[in-house]
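Below is one structure, written out as structure tokens; the observations come after it.
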Amino acid sequence: MTPAQCRAARALIGMTQSELAEAAGFGLSTIVDFEKERRIVSSTARIRMEEALVDAGLEFISENGGGAGVRLAKGKIND
């Protein structure tokens, strides 16, 4: 998950940085620094943030020639 995907994912479901921090079990500064690319966060932090967003009903799209992205997971939200 890239910082841009993280920002987009939160926007899709209206999740704040504070809510993501709580769901992922990290401090707010970890989320803010990751999204603003202020510092490199650990792979564990990225995985836990992504897992929290997936649990909230999102699906991440890897780089596949069309660019990385994020979308609502079918059957999770508003299907």
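Just so we're on the same page: first chain in the structure tokens is A, next is B, and so on; residues restart at 1 for each chain, and ligands are numbered from 1 in the order they show up.
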Inset, instruction - For region 56-67 of chain A, list every protein, DNA or RNA residue within 10 Å, evaluated using only C-alpha atoms, and leave out those in the same chain fewer than 3 positions away; present the list as a count of residues only. - result: 24
Inset, instruction - Please report, as a ChimeraX atom specification, each residue of chain A to which DSSP assigns strand (DSSP E) when run on this structure's backbone. - result: /A:58-61,69-72
Just to be explicit: take each residue in the selection above, keep C-alpha atoms, and write the result as a short mmCIF file (atom, residue, chain, number, x, y, z; two decimals), in the first residue's frame.
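Generated file (result-v7.cif):
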data_model
loop_
_atom_site.label_atom_id
_atom_site.label_comp_id
_atom_site.auth_asym_id
_atom_site.auth_seq_id
_atom_site.Cartn_x
_atom_site.Cartn_y
_atom_site.Cartn_z
CA LEU A 58 -11.79 -1.88 0.98
CA GLU A 59 -9.76 -3.76 -1.60
CA PHE A 60 -6.32 -2.72 -2.82
CA ILE A 61 -5.37 -3.04 -6.47
CA GLY A 69 -5.49 1.80 -6.69
CA VAL A 70 -8.16 1.08 -4.12
CA ARG A 71 -11.87 0.32 -4.35
CA LEU A 72 -14.80 -0.75 -2.24
#
Inset, instruction - Tell me, as a list in words, which residues lie within 8 Å of region 24-31 of chain A, counting only C-alpha atoms; anything in the same chain fewer than 2 positions away does not count. - result: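 Near region 24-31 of chain A, the qualifying residues are Gln17, Ser18, Leu20, Ala21, Glu22, Asp33, Phe34, Glu35, Val41, Ala45, Arg48, Met49, Glu51 and Ala52 of chain A.
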Legend entry - Sel. of alpha helix (DSSP H) residues, chain A, as a ChimeraX atom specification: /A:3-13,17-24,28-35,43-55
Legend entry - Atomic separation - CA of Pro3 (chain A) relative to CA of Ile47 (chain A), Å: 12.4 Å
Legend entry - Atomic separation - CA of Lys36 (chain A) relative to CA of Arg7 (chain A), Å: 9.4 Å
